[in-house]
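Pasting start-v4.cif here (mmCIF, C-alpha atoms):
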data_run
loop_
_atom_site.label_atom_id
_atom_site.label_comp_id
_atom_site.auth_asym_id
_atom_site.auth_seq_id
_atom_site.Cartn_x
_atom_site.Cartn_y
_atom_site.Cartn_z
CA MET E 282 235.60 63.83 163.69
CA SER E 283 235.56 63.25 159.96
CA GLU E 284 237.44 65.65 157.72
CA HIS E 285 234.33 65.86 155.53
CA PRO E 286 231.45 68.08 156.63
CA TYR E 287 228.19 66.35 157.27
CA ARG E 288 224.84 67.47 155.84
CA LEU E 289 222.40 68.72 158.48
CA ALA E 290 218.84 69.14 157.26
CA VAL E 291 216.97 71.67 159.39
CA ILE E 292 213.26 70.97 159.01
CA ILE E 293 210.90 73.84 159.79
CA GLY E 294 207.77 72.04 160.97
CA SER E 295 205.20 74.83 161.20
CA THR E 296 203.19 76.00 158.20
CA ARG E 297 200.68 78.24 159.99
CA GLU E 298 200.12 81.77 158.78
CA GLY E 299 201.90 84.19 161.12
CA ARG E 300 204.14 81.41 162.42
CA PHE E 301 207.11 82.15 164.67
CA ALA E 302 209.14 79.25 163.25
CA PRO E 303 211.23 81.36 160.82
CA VAL E 304 212.61 83.43 163.71
CA ILE E 305 213.73 80.27 165.53
CA ALA E 306 215.01 78.67 162.31
CA ASN E 307 217.01 81.74 161.30
CA TRP E 308 218.65 81.91 164.72
CA PHE E 309 219.48 78.19 164.73
CA THR E 310 220.76 77.98 161.15
CA ARG E 311 222.96 81.04 161.67
CA HIS E 312 224.41 79.37 164.75
CA ALA E 313 224.85 75.96 163.09
CA GLY E 314 226.51 77.70 160.14
CA THR E 315 229.33 78.84 162.42
CA HIS E 316 230.39 75.18 162.74
CA ALA E 317 232.73 74.49 159.79
CA HIS E 318 232.04 70.74 159.83
CA ILE E 319 228.30 71.21 159.19
CA ASP E 320 226.66 71.86 155.82
CA VAL E 321 223.14 73.17 156.55
CA ASP E 322 220.16 72.52 154.27
CA VAL E 323 216.93 74.24 155.39
CA ILE E 324 213.76 72.35 154.47
CA ASP E 325 210.80 74.64 155.15
CA LEU E 326 207.56 72.66 155.07
CA ASP E 327 205.69 75.84 154.21
CA THR E 328 207.55 75.77 150.89
CA VAL E 329 207.63 71.98 150.47
CA ARG E 330 203.85 71.77 151.07
CA PRO E 331 203.79 68.10 152.14
CA TYR E 332 200.03 67.63 151.63
CA GLU E 333 200.48 68.40 147.94
CA LEU E 334 203.33 65.93 147.39
CA ARG E 335 202.42 62.94 145.26
CA TYR E 336 204.62 59.87 145.07
CA GLY E 337 206.72 59.98 141.90
CA SER E 338 206.20 63.70 141.26
CA GLU E 339 209.21 65.95 140.78
CA GLU E 340 208.43 67.76 144.05
CA TYR E 341 208.17 64.48 145.97
CA GLU E 342 211.45 63.21 144.50
CA SER E 343 213.17 66.50 145.38
CA PHE E 344 211.99 66.30 149.01
CA ALA E 345 212.94 62.61 149.26
CA LYS E 346 216.40 63.31 147.83
CA ARG E 347 217.09 66.13 150.29
CA VAL E 348 216.11 63.93 153.23
CA ASP E 349 218.09 61.00 151.83
CA GLU E 350 221.23 63.14 151.37
CA ALA E 351 221.11 64.41 154.94
CA ASP E 352 223.38 62.81 157.51
CA ALA E 353 221.40 64.30 160.42
CA PHE E 354 218.28 66.33 161.11
CA VAL E 355 217.14 69.08 163.40
CA VAL E 356 213.38 69.44 163.55
CA ILE E 357 212.14 72.86 164.55
CA THR E 358 208.68 72.43 165.99
CA PRO E 359 206.11 74.40 167.89
CA GLU E 360 203.78 72.75 170.33
CA TYR E 361 200.14 72.86 169.28
CA ASN E 362 197.64 71.32 171.70
CA HIS E 363 200.31 69.23 173.48
CA SER E 364 201.63 67.88 170.17
CA PHE E 365 203.42 68.81 166.95
CA PRO E 366 201.87 70.14 163.71
CA ALA E 367 200.01 67.80 161.38
CA PRO E 368 201.97 68.88 158.26
CA LEU E 369 205.17 67.82 160.03
CA LYS E 370 203.73 64.36 160.75
CA HIS E 371 202.61 64.04 157.15
CA ALA E 372 206.05 65.04 155.84
CA ILE E 373 207.74 62.49 158.10
CA ASP E 374 205.29 59.75 157.08
CA LEU E 375 205.85 60.34 153.35
CA LEU E 376 209.27 58.70 153.60
CA HIS E 377 210.77 55.73 155.39
CA ARG E 378 214.19 54.48 154.27
CA GLN E 379 215.50 58.06 153.99
CA TRP E 380 215.25 58.55 157.78
CA GLN E 381 216.81 55.26 158.81
CA ALA E 382 220.03 55.07 160.82
CA LYS E 383 220.36 58.84 161.07
CA PRO E 384 220.29 61.10 164.14
CA VAL E 385 217.54 63.60 164.85
CA GLY E 386 217.70 66.58 167.19
CA PHE E 387 215.00 69.02 168.18
CA VAL E 388 214.56 72.75 168.63
CA SER E 389 211.14 73.46 170.09
CA TYR E 390 209.12 76.42 171.21
CA GLY E 391 205.77 77.05 172.78
CA GLY E 392 204.11 78.21 175.94
CA ILE E 393 205.11 77.12 179.41
CA SER E 394 206.47 73.74 178.22
CA GLY E 395 208.65 75.27 175.50
CA GLY E 396 207.42 72.65 173.05
CA LEU E 397 208.84 69.70 174.98
CA ARG E 398 205.58 67.72 174.81
CA ALA E 399 205.78 67.92 170.99
CA VAL E 400 209.38 66.69 171.13
CA GLU E 401 208.49 63.69 173.29
CA GLN E 402 205.90 62.60 170.74
CA LEU E 403 208.31 63.13 167.85
CA ARG E 404 210.83 60.86 169.57
CA LEU E 405 208.31 58.01 169.34
CA VAL E 406 207.64 58.66 165.66
CA PHE E 407 211.33 58.73 164.72
CA ALA E 408 212.07 55.59 166.74
CA GLU E 409 209.51 53.77 164.62
CA LEU E 410 211.41 54.91 161.51
CA HIS E 411 214.70 53.51 162.89
CA ALA E 412 216.16 56.98 163.42
CA THR E 413 218.16 57.86 166.54
CA THR E 414 217.07 60.89 168.54
CA VAL E 415 219.68 62.70 170.59
CA ARG E 416 218.97 63.35 174.24
CA ASP E 417 219.53 67.10 174.54
CA SER E 418 217.44 69.68 172.75
CA VAL E 419 216.93 73.43 172.55
CA SER E 420 213.66 74.66 174.00
CA PHE E 421 212.18 78.17 174.04
CA THR E 422 209.51 78.84 176.66
CA LEU E 423 207.28 81.76 175.65
CA ALA E 424 209.59 82.28 172.66
CA GLY E 425 208.04 85.56 171.50
CA ASN E 426 209.35 87.23 174.65
CA LEU E 427 212.91 85.96 174.16
CA PHE E 428 213.65 87.53 170.76
CA ASP E 429 213.78 91.19 169.78
CA ASP E 430 212.13 92.69 166.68
CA GLU E 431 215.22 91.84 164.62
CA GLY E 432 215.02 88.13 165.52
CA ARG E 433 217.96 88.25 167.93
CA LEU E 434 217.87 86.59 171.31
CA ARG E 435 217.82 89.10 174.13
CA ASP E 436 220.01 86.75 176.21
CA PRO E 437 221.73 84.37 173.77
CA ALA E 438 223.99 82.53 176.23
CA PRO E 439 221.61 79.78 177.47
CA ALA E 440 220.25 78.91 174.02
CA THR E 441 223.70 79.04 172.44
CA GLN E 442 225.04 76.63 175.06
CA ALA E 443 222.09 74.28 174.53
CA ALA E 444 222.54 74.46 170.73
CA ASP E 445 226.23 73.65 171.03
CA THR E 446 225.45 70.61 173.17
CA LEU E 447 222.83 69.48 170.65
CA LEU E 448 225.20 70.01 167.72
CA ASP E 449 228.02 68.15 169.49
CA GLN E 450 225.75 65.15 170.01
CA LEU E 451 224.46 65.30 166.43
CA THR E 452 227.98 65.54 165.06
CA TRP E 453 229.11 62.40 166.86
CA TRP E 454 226.06 60.44 165.70
CA ALA E 455 226.05 61.86 162.16
CA VAL E 456 229.68 61.01 161.48
CA THR E 457 229.53 57.63 163.23
CA LEU E 458 226.33 56.52 161.50
CA ARG E 459 227.46 57.83 158.09
CA GLU E 460 230.61 55.71 158.38
CA ALA E 461 228.56 52.72 159.56
CA ARG E 462 226.06 53.04 156.66
CA ALA E 463 228.98 53.20 154.20
CA ALA E 464 230.60 50.09 155.71
CA ARG E 465 227.40 48.12 156.08
CA PRO E 466 224.08 49.49 154.73
CA TYR E 467 221.27 49.54 157.25
CA GLY E 468 218.58 46.96 156.56
CA GLY E 469 215.93 47.84 159.15
#
As a first step, turn the structure in this file into structure tokens.
Amino acid sequence: MSEHPYRLAVIIGSTREGRFAPVIANWFTRHAGTHAHIDVDVIDLDTVRPYELRYGSEEYESFAKRVDEADAFVVITPEYNHSFPAPLKHAIDLLHRQWQAKPVGFVSYGGISGGLRAVEQLRLVFAELHATTVRDSVSFTLAGNLFDDEGRLRDPAPATQAADTLLDQLTWWAVTLREARAARPYGG
């Protein structure tokens, strides 16, 4: 483990009105924040508004810089119609080099599948961008039933254990790939 914290960008992939994503994101970022070796940067696509970003604009450059400065990513995604949201795909497609040789983890939610079908499709997209997806993820089946009105998990143990496994994997990859990029820049 490096003595320097690594930058984890948590990307909130839903922009729908009435979305449940902030509940999931708040839980996850609070949990990730308890790990001293992780510096969390939350990138909410509802605020970034990827469809309005124009190459070269100040907003585009700000988004690109935040992604570029990240050592790892966690994408928080719902499952819509067996896939992930279109604004998330657009945000990913806006950049290329900034994703390369970095690990990506997933926190998903949805109906019976818990968003896992969206995650499987995202794995294909990130592979094409030369990013490394970690095996384990956090998945919330019927997420609205799992959290109370204050956004706290009714039974936090299973999700906390899954999040710790995800963060352990991301930490190994983030530190290892950061050191590798510093020693020999990725040219994919």
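Here the PyMOL selection byres ((chain E and resi 406) around 12) catches exactly these residues: Ser364, Phe365, Leu369, Lys370, His371, Ala372, Ile373, Asp374, His377, Trp380, Gln381, Val385, Ala399, Val400, Glu401, Gln402, Leu403, Arg404, Leu405, Phe407, Ala408, Glu409, Leu410, His411, Ala412, Thr413 and Thr414 of chain E.
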| task | Report the residues retrieved by the PyMOL selection byres ((chain E and resi 456) around 8) from the displayed file, expressed as number ranges by chain. | result | E: 282-283, 287, 352, 452-455, 457-460
Could you write out as a PDB file with C-alpha atoms, in the coordinates of the input the residues that the PyMOL selection byres ((chain E and resi 431) around 12) matches in the shown file?
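selection.pdb written:
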ATOM      1  CA  PRO E 303     211.230  81.360 160.820  1.00  0.00           C
ATOM      2  CA  VAL E 304     212.610  83.430 163.710  1.00  0.00           C
ATOM      3  CA  ILE E 305     213.730  80.270 165.530  1.00  0.00           C
ATOM      4  CA  ASN E 307     217.010  81.740 161.300  1.00  0.00           C
ATOM      5  CA  TRP E 308     218.650  81.910 164.720  1.00  0.00           C
ATOM      6  CA  GLY E 425     208.040  85.560 171.500  1.00  0.00           C
ATOM      7  CA  LEU E 427     212.910  85.960 174.160  1.00  0.00           C
ATOM      8  CA  PHE E 428     213.650  87.530 170.760  1.00  0.00           C
ATOM      9  CA  ASP E 429     213.780  91.190 169.780  1.00  0.00           C
ATOM     10  CA  ASP E 430     212.130  92.690 166.680  1.00  0.00           C
ATOM     11  CA  GLY E 432     215.020  88.130 165.520  1.00  0.00           C
ATOM     12  CA  ARG E 433     217.960  88.250 167.930  1.00  0.00           C
ATOM     13  CA  LEU E 434     217.870  86.590 171.310  1.00  0.00           C
ATOM     14  CA  ARG E 435     217.820  89.100 174.130  1.00  0.00           C
TER      15      ARG E 435
END
I want to know what sits within 10 Å of region 318-334 of chain E, based on only C-alpha atoms, with residues of the same chain fewer than 2 positions away left out; could you give that as a PDB file with C-alpha atoms, keeping the file's coordinate frame?
ATOM      1  CA  MET E 282     235.600  63.830 163.690  1.00  0.00           C
ATOM      2  CA  SER E 283     235.560  63.250 159.960  1.00  0.00           C
ATOM      3  CA  GLU E 284     237.440  65.650 157.720  1.00  0.00           C
ATOM      4  CA  HIS E 285     234.330  65.860 155.530  1.00  0.00           C
ATOM      5  CA  PRO E 286     231.450  68.080 156.630  1.00  0.00           C
ATOM      6  CA  TYR E 287     228.190  66.350 157.270  1.00  0.00           C
ATOM      7  CA  ARG E 288     224.840  67.470 155.840  1.00  0.00           C
ATOM      8  CA  LEU E 289     222.400  68.720 158.480  1.00  0.00           C
ATOM      9  CA  ALA E 290     218.840  69.140 157.260  1.00  0.00           C
ATOM     10  CA  VAL E 291     216.970  71.670 159.390  1.00  0.00           C
ATOM     11  CA  ILE E 292     213.260  70.970 159.010  1.00  0.00           C
ATOM     12  CA  ILE E 293     210.900  73.840 159.790  1.00  0.00           C
ATOM     13  CA  GLY E 294     207.770  72.040 160.970  1.00  0.00           C
ATOM     14  CA  SER E 295     205.200  74.830 161.200  1.00  0.00           C
ATOM     15  CA  THR E 296     203.190  76.000 158.200  1.00  0.00           C
ATOM     16  CA  ARG E 297     200.680  78.240 159.990  1.00  0.00           C
ATOM     17  CA  GLU E 298     200.120  81.770 158.780  1.00  0.00           C
ATOM     18  CA  ALA E 302     209.140  79.250 163.250  1.00  0.00           C
ATOM     19  CA  PRO E 303     211.230  81.360 160.820  1.00  0.00           C
ATOM     20  CA  ALA E 306     215.010  78.670 162.310  1.00  0.00           C
ATOM     21  CA  ASN E 307     217.010  81.740 161.300  1.00  0.00           C
ATOM     22  CA  THR E 310     220.760  77.980 161.150  1.00  0.00           C
ATOM     23  CA  ARG E 311     222.960  81.040 161.670  1.00  0.00           C
ATOM     24  CA  ALA E 313     224.850  75.960 163.090  1.00  0.00           C
ATOM     25  CA  GLY E 314     226.510  77.700 160.140  1.00  0.00           C
ATOM     26  CA  THR E 315     229.330  78.840 162.420  1.00  0.00           C
ATOM     27  CA  HIS E 316     230.390  75.180 162.740  1.00  0.00           C
ATOM     28  CA  TYR E 336     204.620  59.870 145.070  1.00  0.00           C
ATOM     29  CA  GLY E 337     206.720  59.980 141.900  1.00  0.00           C
ATOM     30  CA  SER E 338     206.200  63.700 141.260  1.00  0.00           C
ATOM     31  CA  GLU E 339     209.210  65.950 140.780  1.00  0.00           C
ATOM     32  CA  GLU E 340     208.430  67.760 144.050  1.00  0.00           C
ATOM     33  CA  TYR E 341     208.170  64.480 145.970  1.00  0.00           C
ATOM     34  CA  GLU E 342     211.450  63.210 144.500  1.00  0.00           C
ATOM     35  CA  SER E 343     213.170  66.500 145.380  1.00  0.00           C
ATOM     36  CA  PHE E 344     211.990  66.300 149.010  1.00  0.00           C
ATOM     37  CA  ARG E 347     217.090  66.130 150.290  1.00  0.00           C
ATOM     38  CA  VAL E 348     216.110  63.930 153.230  1.00  0.00           C
ATOM     39  CA  GLU E 350     221.230  63.140 151.370  1.00  0.00           C
ATOM     40  CA  ALA E 351     221.110  64.410 154.940  1.00  0.00           C
ATOM     41  CA  ASP E 352     223.380  62.810 157.510  1.00  0.00           C
ATOM     42  CA  ALA E 353     221.400  64.300 160.420  1.00  0.00           C
ATOM     43  CA  PHE E 354     218.280  66.330 161.110  1.00  0.00           C
ATOM     44  CA  VAL E 355     217.140  69.080 163.400  1.00  0.00           C
ATOM     45  CA  VAL E 356     213.380  69.440 163.550  1.00  0.00           C
ATOM     46  CA  ILE E 357     212.140  72.860 164.550  1.00  0.00           C
ATOM     47  CA  ALA E 367     200.010  67.800 161.380  1.00  0.00           C
ATOM     48  CA  PRO E 368     201.970  68.880 158.260  1.00  0.00           C
ATOM     49  CA  LEU E 369     205.170  67.820 160.030  1.00  0.00           C
ATOM     50  CA  LYS E 370     203.730  64.360 160.750  1.00  0.00           C
ATOM     51  CA  HIS E 371     202.610  64.040 157.150  1.00  0.00           C
ATOM     52  CA  ALA E 372     206.050  65.040 155.840  1.00  0.00           C
ATOM     53  CA  ILE E 373     207.740  62.490 158.100  1.00  0.00           C
ATOM     54  CA  ASP E 374     205.290  59.750 157.080  1.00  0.00           C
ATOM     55  CA  LEU E 375     205.850  60.340 153.350  1.00  0.00           C
ATOM     56  CA  LEU E 448     225.200  70.010 167.720  1.00  0.00           C
ATOM     57  CA  THR E 452     227.980  65.540 165.060  1.00  0.00           C
TER      58      THR E 452
END
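As for CA of Thr422 (chain E) and CA of Ser394 (chain E), they are spaced 6.1 Å apart.
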Mind writing region 338-381 of chain E to a file for me, with C-alpha atoms, as an mmCIF file, in the first residue's frame?
data_model
loop_
_atom_site.group_PDB
_atom_site.id
_atom_site.type_symbol
_atom_site.label_atom_id
_atom_site.label_comp_id
_atom_site.auth_asym_id
_atom_site.auth_seq_id
_atom_site.Cartn_x
_atom_site.Cartn_y
_atom_site.Cartn_z
ATOM 1 C CA SER E 338 -15.446 24.518 -22.966
ATOM 2 C CA GLU E 339 -14.574 25.273 -19.347
ATOM 3 C CA GLU E 340 -17.144 22.703 -18.162
ATOM 4 C CA TYR E 341 -15.726 20.015 -20.458
ATOM 5 C CA GLU E 342 -12.165 20.736 -19.331
ATOM 6 C CA SER E 343 -13.242 20.599 -15.674
ATOM 7 C CA PHE E 344 -14.907 17.194 -16.161
ATOM 8 C CA ALA E 345 -11.927 15.866 -18.139
ATOM 9 C CA LYS E 346 -9.496 17.055 -15.468
ATOM 10 C CA ARG E 347 -11.432 15.387 -12.641
ATOM 11 C CA VAL E 348 -11.493 12.082 -14.522
ATOM 12 C CA ASP E 349 -7.828 12.428 -15.464
ATOM 13 C CA GLU E 350 -6.799 13.115 -11.848
ATOM 14 C CA ALA E 351 -8.618 10.045 -10.556
ATOM 15 C CA ASP E 352 -6.609 6.917 -9.837
ATOM 16 C CA ALA E 353 -9.750 4.739 -9.740
ATOM 17 C CA PHE E 354 -13.486 4.950 -10.306
ATOM 18 C CA VAL E 355 -16.663 3.616 -8.804
ATOM 19 C CA VAL E 356 -19.655 3.958 -11.092
ATOM 20 C CA ILE E 357 -22.996 4.049 -9.331
ATOM 21 C CA THR E 358 -25.602 2.922 -11.815
ATOM 22 C CA PRO E 359 -29.215 1.896 -11.896
ATOM 23 C CA GLU E 360 -30.482 -0.638 -14.364
ATOM 24 C CA TYR E 361 -32.920 0.777 -16.892
ATOM 25 C CA ASN E 362 -34.375 -1.692 -19.405
ATOM 26 C CA HIS E 363 -31.568 -4.238 -18.868
ATOM 27 C CA SER E 364 -28.889 -1.562 -19.359
ATOM 28 C CA PHE E 365 -27.353 1.578 -17.887
ATOM 29 C CA PRO E 366 -28.489 5.202 -18.394
ATOM 30 C CA ALA E 367 -27.745 7.003 -21.654
ATOM 31 C CA PRO E 368 -26.202 10.072 -19.931
ATOM 32 C CA LEU E 369 -23.666 7.755 -18.293
ATOM 33 C CA LYS E 370 -22.690 6.287 -21.677
ATOM 34 C CA HIS E 371 -22.370 9.767 -23.135
ATOM 35 C CA ALA E 372 -20.173 10.936 -20.238
ATOM 36 C CA ILE E 373 -17.906 7.905 -20.634
ATOM 37 C CA ASP E 374 -17.670 8.403 -24.405
ATOM 38 C CA LEU E 375 -16.678 12.074 -24.080
ATOM 39 C CA LEU E 376 -13.208 11.036 -22.905
ATOM 40 C CA HIS E 377 -10.688 8.371 -23.801
ATOM 41 C CA ARG E 378 -7.128 8.752 -22.516
ATOM 42 C CA GLN E 379 -8.390 9.840 -19.081
ATOM 43 C CA TRP E 380 -9.864 6.369 -18.408
ATOM 44 C CA GLN E 381 -6.892 4.339 -19.590
#
